[in-house]
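Structure data (CSV, C-alpha atoms) from upload-v5.csv:
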```csv
chain,number,residue,atom,x,y,z
A,1,MET,CA,-36.3,-10.5,19.7
A,2,GLY,CA,-33.3,-8.9,18.0
A,3,SER,CA,-30.2,-10.8,16.8
A,4,PRO,CA,-27.3,-11.1,19.3
A,5,ALA,CA,-24.6,-8.5,18.8
A,6,ARG,CA,-21.7,-9.8,16.8
A,7,SER,CA,-18.4,-9.7,18.7
A,8,ALA,CA,-15.3,-8.0,17.3
A,9,ALA,CA,-12.8,-10.1,15.4
A,10,THR,CA,-9.7,-11.1,17.3
A,11,PHE,CA,-6.2,-12.2,16.4
A,12,ALA,CA,-7.3,-15.8,16.9
A,13,ASP,CA,-9.6,-15.3,13.9
A,14,LEU,CA,-6.5,-14.2,11.8
A,15,GLU,CA,-4.5,-17.2,13.0
A,16,ALA,CA,-7.3,-19.6,11.9
A,17,LEU,CA,-7.2,-18.4,8.3
A,18,PRO,CA,-5.6,-20.7,5.6
A,19,PRO,CA,-2.1,-19.6,4.5
A,20,HIS,CA,-3.2,-18.3,1.1
A,21,ILE,CA,-5.6,-15.9,2.6
A,22,VAL,CA,-4.6,-12.4,3.8
A,23,GLY,CA,-6.6,-11.3,6.9
A,24,GLU,CA,-7.1,-7.9,8.5
A,25,ILE,CA,-9.1,-6.5,11.3
A,26,LEU,CA,-10.6,-3.1,10.4
A,27,PHE,CA,-12.9,-1.4,12.9
A,28,GLY,CA,-13.6,-4.7,14.6
A,29,ASN,CA,-14.5,-6.5,11.3
A,30,LEU,CA,-12.5,-9.5,9.9
A,31,VAL,CA,-11.6,-8.7,6.2
A,32,THR,CA,-10.1,-11.4,4.0
A,33,HIS,CA,-8.9,-11.7,0.5
A,34,PRO,CA,-6.7,-14.1,-1.5
A,35,ARG,CA,-3.1,-13.4,-2.6
A,36,PRO,CA,-3.0,-10.9,-5.5
A,37,HIS,CA,-3.0,-11.6,-9.2
A,38,ARG,CA,0.3,-11.3,-11.1
A,39,ARG,CA,-0.5,-7.8,-12.5
A,40,HIS,CA,-1.1,-6.5,-8.9
A,41,GLY,CA,2.0,-8.3,-7.5
A,42,GLY,CA,4.2,-7.2,-10.4
A,43,ALA,CA,3.3,-3.6,-10.0
A,44,GLY,CA,4.2,-3.6,-6.3
A,45,ALA,CA,7.4,-5.5,-6.8
A,46,ALA,CA,8.5,-3.1,-9.6
A,47,LEU,CA,7.8,-0.1,-7.3
A,48,GLY,CA,9.9,-1.7,-4.6
A,49,MET,CA,12.8,-2.3,-7.1
A,50,LEU,CA,12.7,1.4,-8.1
A,51,THR,CA,12.5,3.0,-4.6
A,52,GLY,CA,14.7,0.5,-2.7
A,53,PRO,CA,18.1,1.2,-4.2
A,54,PRO,CA,18.1,5.0,-3.8
A,55,TYR,CA,16.1,5.2,-0.6
A,56,GLN,CA,17.0,2.0,1.4
A,57,PHE,CA,20.5,1.4,0.1
A,58,GLY,CA,21.5,5.0,-0.8
A,59,PHE,CA,22.4,4.1,-4.4
A,60,GLY,CA,21.8,7.3,-6.4
A,61,GLY,CA,19.6,8.7,-3.6
A,62,PRO,CA,19.5,9.8,0.0
A,63,GLY,CA,19.0,6.4,1.7
A,64,GLY,CA,17.6,6.4,5.3
A,65,TRP,CA,14.5,4.3,4.7
A,66,VAL,CA,13.5,0.7,5.3
A,67,PHE,CA,10.8,-1.0,3.2
A,68,VAL,CA,8.7,-4.1,4.0
A,69,ASP,CA,6.3,-5.9,1.7
A,70,GLU,CA,2.9,-6.7,3.3
A,71,PRO,CA,3.9,-5.7,6.8
A,72,GLU,CA,1.4,-6.6,9.6
A,73,LEU,CA,0.5,-3.3,11.2
A,74,HIS,CA,-1.0,-3.3,14.7
A,75,LEU,CA,-2.5,0.2,14.9
A,76,GLY,CA,-4.5,0.5,18.1
A,77,PRO,CA,-7.4,-2.0,17.7
A,78,HIS,CA,-6.8,-2.4,14.0
A,79,ILE,CA,-4.6,-4.9,12.2
A,80,ALA,CA,-3.9,-3.8,8.6
A,81,VAL,CA,-1.7,-5.4,5.9
A,82,PRO,CA,-0.7,-2.8,3.2
A,83,ASP,CA,1.1,-3.9,0.1
A,84,ILE,CA,4.2,-1.9,1.0
A,85,GLY,CA,5.2,0.0,4.1
A,86,GLY,CA,8.2,2.4,4.4
A,87,TRP,CA,9.8,3.8,7.5
A,88,ARG,CA,12.4,6.3,8.0
A,89,ARG,CA,15.3,4.3,9.5
A,90,GLU,CA,15.6,6.5,12.7
A,91,ARG,CA,12.0,5.5,13.6
A,92,MET,CA,12.6,1.8,13.4
A,93,THR,CA,13.1,1.3,17.1
A,94,GLU,CA,11.1,-2.0,17.5
A,95,PRO,CA,12.9,-5.3,17.8
A,96,ALA,CA,13.8,-6.8,14.4
A,97,GLU,CA,12.6,-10.2,15.6
A,98,GLN,CA,9.1,-9.0,16.2
A,99,ALA,CA,6.6,-10.3,13.6
A,100,HIS,CA,4.4,-7.2,13.5
A,101,PHE,CA,4.8,-3.4,13.6
A,102,GLU,CA,3.2,-1.1,16.1
A,103,ILE,CA,5.0,2.1,14.8
A,104,ALA,CA,2.9,3.4,11.9
A,105,PRO,CA,4.9,3.7,8.6
A,106,ASP,CA,6.0,7.1,7.1
A,107,TRP,CA,4.7,5.9,3.7
A,108,ILE,CA,2.2,3.3,2.6
A,109,CYS,CA,1.4,2.0,-0.9
A,110,GLU,CA,-1.8,0.1,-1.5
A,111,VAL,CA,-2.0,-1.7,-4.9
A,112,ILE,CA,-5.7,-1.4,-5.8
A,113,SER,CA,-7.6,-4.5,-7.0
A,114,PRO,CA,-11.3,-5.3,-7.4
A,115,ARG,CA,-11.2,-7.4,-4.2
A,116,THR,CA,-9.5,-4.8,-2.0
A,117,GLU,CA,-10.6,-1.4,-3.5
A,118,LYS,CA,-13.5,-0.9,-1.1
A,119,TYR,CA,-11.2,-1.3,2.0
A,120,ASP,CA,-8.2,0.4,0.6
A,121,LYS,CA,-10.1,3.5,-0.2
A,122,GLY,CA,-12.4,3.3,2.8
A,123,ASP,CA,-11.6,1.8,6.2
A,124,LYS,CA,-7.8,1.4,5.7
A,125,ARG,CA,-7.4,5.0,4.4
A,126,ARG,CA,-9.3,6.2,7.5
A,127,ILE,CA,-7.1,4.1,9.8
A,128,TYR,CA,-3.9,5.4,8.3
A,129,ALA,CA,-5.1,9.0,8.8
A,130,LEU,CA,-6.0,8.3,12.4
A,131,HIS,CA,-2.5,7.0,13.0
A,132,ARG,CA,-0.9,9.9,11.2
A,133,VAL,CA,0.8,8.1,8.3
A,134,PRO,CA,2.2,11.1,6.4
A,135,TYR,CA,2.1,9.8,2.8
A,136,LEU,CA,-0.2,7.3,1.0
A,137,TRP,CA,0.1,6.1,-2.6
A,138,HIS,CA,-2.7,4.3,-4.4
A,139,LEU,CA,-1.3,2.3,-7.3
A,140,ASP,CA,-4.0,0.9,-9.7
A,141,PRO,CA,-2.6,-1.5,-12.4
A,142,ARG,CA,-6.0,-1.9,-14.1
A,143,ALA,CA,-6.4,1.8,-14.6
A,144,ARG,CA,-2.6,2.4,-14.9
A,145,THR,CA,-2.7,5.2,-12.4
A,146,LEU,CA,-0.8,6.3,-9.4
A,147,GLU,CA,-2.5,8.7,-6.9
A,148,VAL,CA,-0.3,10.4,-4.3
A,149,PHE,CA,-1.9,11.6,-1.0
A,150,ARG,CA,-0.4,13.7,1.8
A,151,LEU,CA,-1.9,13.9,5.2
A,152,GLN,CA,-3.2,17.4,6.1
A,153,GLU,CA,-4.3,17.4,9.7
A,154,GLN,CA,-6.5,14.3,9.6
A,155,ASN,CA,-7.6,14.5,6.0
A,156,TRP,CA,-6.0,13.1,2.8
A,157,LEU,CA,-5.0,15.7,0.2
A,158,LEU,CA,-4.5,14.4,-3.3
A,159,THR,CA,-1.3,16.1,-4.5
A,160,HIS,CA,-0.5,14.2,-7.7
A,161,THR,CA,-2.1,11.9,-10.3
A,162,PHE,CA,0.0,10.0,-12.8
A,163,VAL,CA,-1.3,7.9,-15.7
A,164,ASP,CA,0.0,5.3,-18.2
A,165,ARG,CA,3.7,6.0,-18.8
A,166,GLU,CA,4.0,9.5,-17.3
A,167,GLU,CA,7.2,10.4,-15.5
A,168,VAL,CA,6.7,10.1,-11.7
A,169,CYS,CA,8.4,12.5,-9.3
A,170,ALA,CA,6.4,12.7,-6.0
A,171,PRO,CA,6.9,12.9,-2.3
A,172,PRO,CA,8.3,11.4,-0.2
A,173,PHE,CA,10.5,10.0,-3.0
A,174,ASP,CA,10.9,13.1,-5.1
A,175,ALA,CA,14.7,12.8,-5.3
A,176,ILE,CA,14.1,10.3,-8.1
A,177,THR,CA,12.1,10.2,-11.3
A,178,PHE,CA,10.9,7.1,-13.1
A,179,SER,CA,8.4,6.1,-15.8
A,180,LEU,CA,5.1,4.9,-14.5
A,181,GLY,CA,5.1,2.4,-17.3
A,182,LEU,CA,7.9,0.5,-15.5
A,183,LEU,CA,5.2,-0.6,-12.9
A,184,TRP,CA,3.2,-2.5,-15.6
A,185,PRO,CA,5.7,-5.3,-16.3
A,186,PHE,CA,3.1,-7.6,-17.9
A,187,ASP,CA,2.1,-5.0,-20.5
A,188,PRO,CA,3.4,-5.4,-24.1
A,189,PRO,CA,6.4,-3.2,-24.9
A,190,SER,CA,4.3,-0.8,-27.0
A,191,SER,CA,1.8,1.6,-25.6
A,192,GLU,CA,-1.1,-0.3,-27.1
A,193,THR,CA,-3.6,-1.8,-24.8
A,194,PRO,CA,-3.7,-5.6,-24.9
A,195,ALA,CA,-6.7,-6.9,-27.0
A,196,ASP,CA,-8.2,-8.8,-24.0
A,197,GLU,CA,-8.3,-5.6,-22.0
A,198,GLN,CA,-10.1,-3.6,-24.7
A,199,ARG,CA,-13.2,-5.8,-24.3
```

Show me this structure written as structure tokens.
Amino acid sequence: MGSPARSAATFADLEALPPHIVGEILFGNLVTHPRPHRRHGGAGAALGMLTGPPYQFGFGGPGGWVFVDEPELHLGPHIAVPDIGGWRRERMTEPAEQAHFEIAPDWICEVISPRTEKYDKGDKRRIYALHRVPYLWHLDPRARTLEVFRLQEQNWLLTHTFVDREEVCAPPFDAITFSLGLLWPFDPPSSETPADEQR
């Protein structure tokens, strides 16, 4: 006799998780991982500090955006928590008091880590395409790379790859240019790789 079919995860499964665990429901499966390491968190925070002033506040840029760290996205049957989500302000029509978002972002950044890479580059990327997120960035602090994707029909087109300390100018934030090296705040000031990462 075969094993009983496993039921799809529910929101109650997410609510039952300990506070230090991030939970998502992707294609019916409960996916969990702990809070990120400092290199991961530092890269995401630095990116927010660079894009926020010109694109959210209009300081030296066009404004018109709203950014949220780790937003809980309810996209059809899926519940995803990207590292950063950005919406054009005119699309933010949901009540501010609501804890989650049902309107898909206009831009998502996933900071890639060993624990999340499989999902960030697999199920989550497919879900974002199905819900027509126009832009997706993959930021990898270990490899010191930024990959920029644009949705073309329902497929992701890789439009830019930046490495190490290259100058970044990429959509949808191409009104500004910044050094990718600013996203590695725990690196030493020189361009040398720390000894513990050379092994």

Could you jot down the CA of Ile176 in chain A to CA of Gly41 in chain A separation for me, Å, one decimal place? 22.2 Å

Wanna dump the range 30-110 of chain A-range 142-163 of chain A contacts at 12 Å for me, each residue with its shortest atom pair and the distance in Å to one decimal, counting all atoms listed in the file, ordered by chain and number, as a tab-separated table?
```
residue	atom	partner	partner_atom	distance
A:His37	CA	A:Arg142	CA	11.3
A:Arg38	CA	A:Arg142	CA	11.7
A:Arg39	CA	A:Arg142	CA	8.2
A:His40	CA	A:Arg142	CA	8.5
A:Ala43	CA	A:Arg144	CA	9.7
A:Gly44	CA	A:Leu146	CA	11.5
A:Leu47	CA	A:Leu146	CA	10.9
A:Asp106	CA	A:Leu151	CA	10.6
A:Trp107	CA	A:Arg150	CA	9.5
A:Ile108	CA	A:Phe149	CA	9.9
A:Cys109	CA	A:Val148	CA	9.2
A:Glu110	CA	A:Leu146	CA	10.1
```

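Residue nearest Ala175 in chain A, chosen from A:Ile84, A:Leu50, A:Ala96, A:Leu30 and counting all atoms listed in the file: A:Leu50.
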
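Separating CA of Tyr135 in chain A from CA of Leu14 in chain A is a distance of 27.0 Å.
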
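Minimum atom-to-atom distances from A:Ala99, A:Ala104, A:Ala16, A:Ala80 to Val133 in chain A were compared using all atoms listed in the file, and the lowest value belongs to A:Ala104.
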
Separation of CA of Asp120 in chain A from CA of Pro71 in chain A, in Å and rounded to one decimal: 14.9 Å

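In this comparison, which uses only C-alpha atoms, the residue of A:Thr51, A:Pro189, A:Gly76, A:Glu117 approaching Ala170 in chain A most closely is A:Thr51.
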
Would you kindly identify which residues have an atom no farther than 10 Å from (-9.5, 2.2, 8.7), using all atoms listed in the file and the file's own coordinates, and write them out as a PyMOL selection string? chain A and resi 25-28+75+78-80+119-131

Taking all atoms listed in the file into account, produce a table as CSV in which each residue of range 151-191 of chain A with an atom at most 12 Å from an atom of range 54-62 of chain A appears once, together with its shortest atom pair and the distance in Å to one decimal, ordered by chain and rising number.
```
residue,atom,partner,partner_atom,distance
A:Pro172,CA,A:Tyr55,CA,10.0
A:Phe173,CA,A:Tyr55,CA,7.8
A:Asp174,CA,A:Gly61,CA,9.9
A:Ala175,CA,A:Gly61,CA,6.6
A:Ile176,CA,A:Gly61,CA,7.3
A:Thr177,CA,A:Gly61,CA,10.9
A:Phe178,CA,A:Pro54,CA,11.9
```

Choose the residue, out of A:Val68, A:Ala46, A:Leu180, A:Leu17, that has the smallest atom-to-atom separation from Pro82 in chain A; count only C-alpha atoms. A:Val68

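The smallest atom-to-atom distance between Pro171 in chain A and any of A:Ala12, A:Leu136, A:Thr116, A:Pro105, using only C-alpha atoms, is found for A:Leu136.
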
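Candidate residues A:Ala9, A:Leu183, A:Val168, A:Ile103 were compared for distance to Val31 in chain A, and the nearest is A:Ala9, using all atoms listed in the file.
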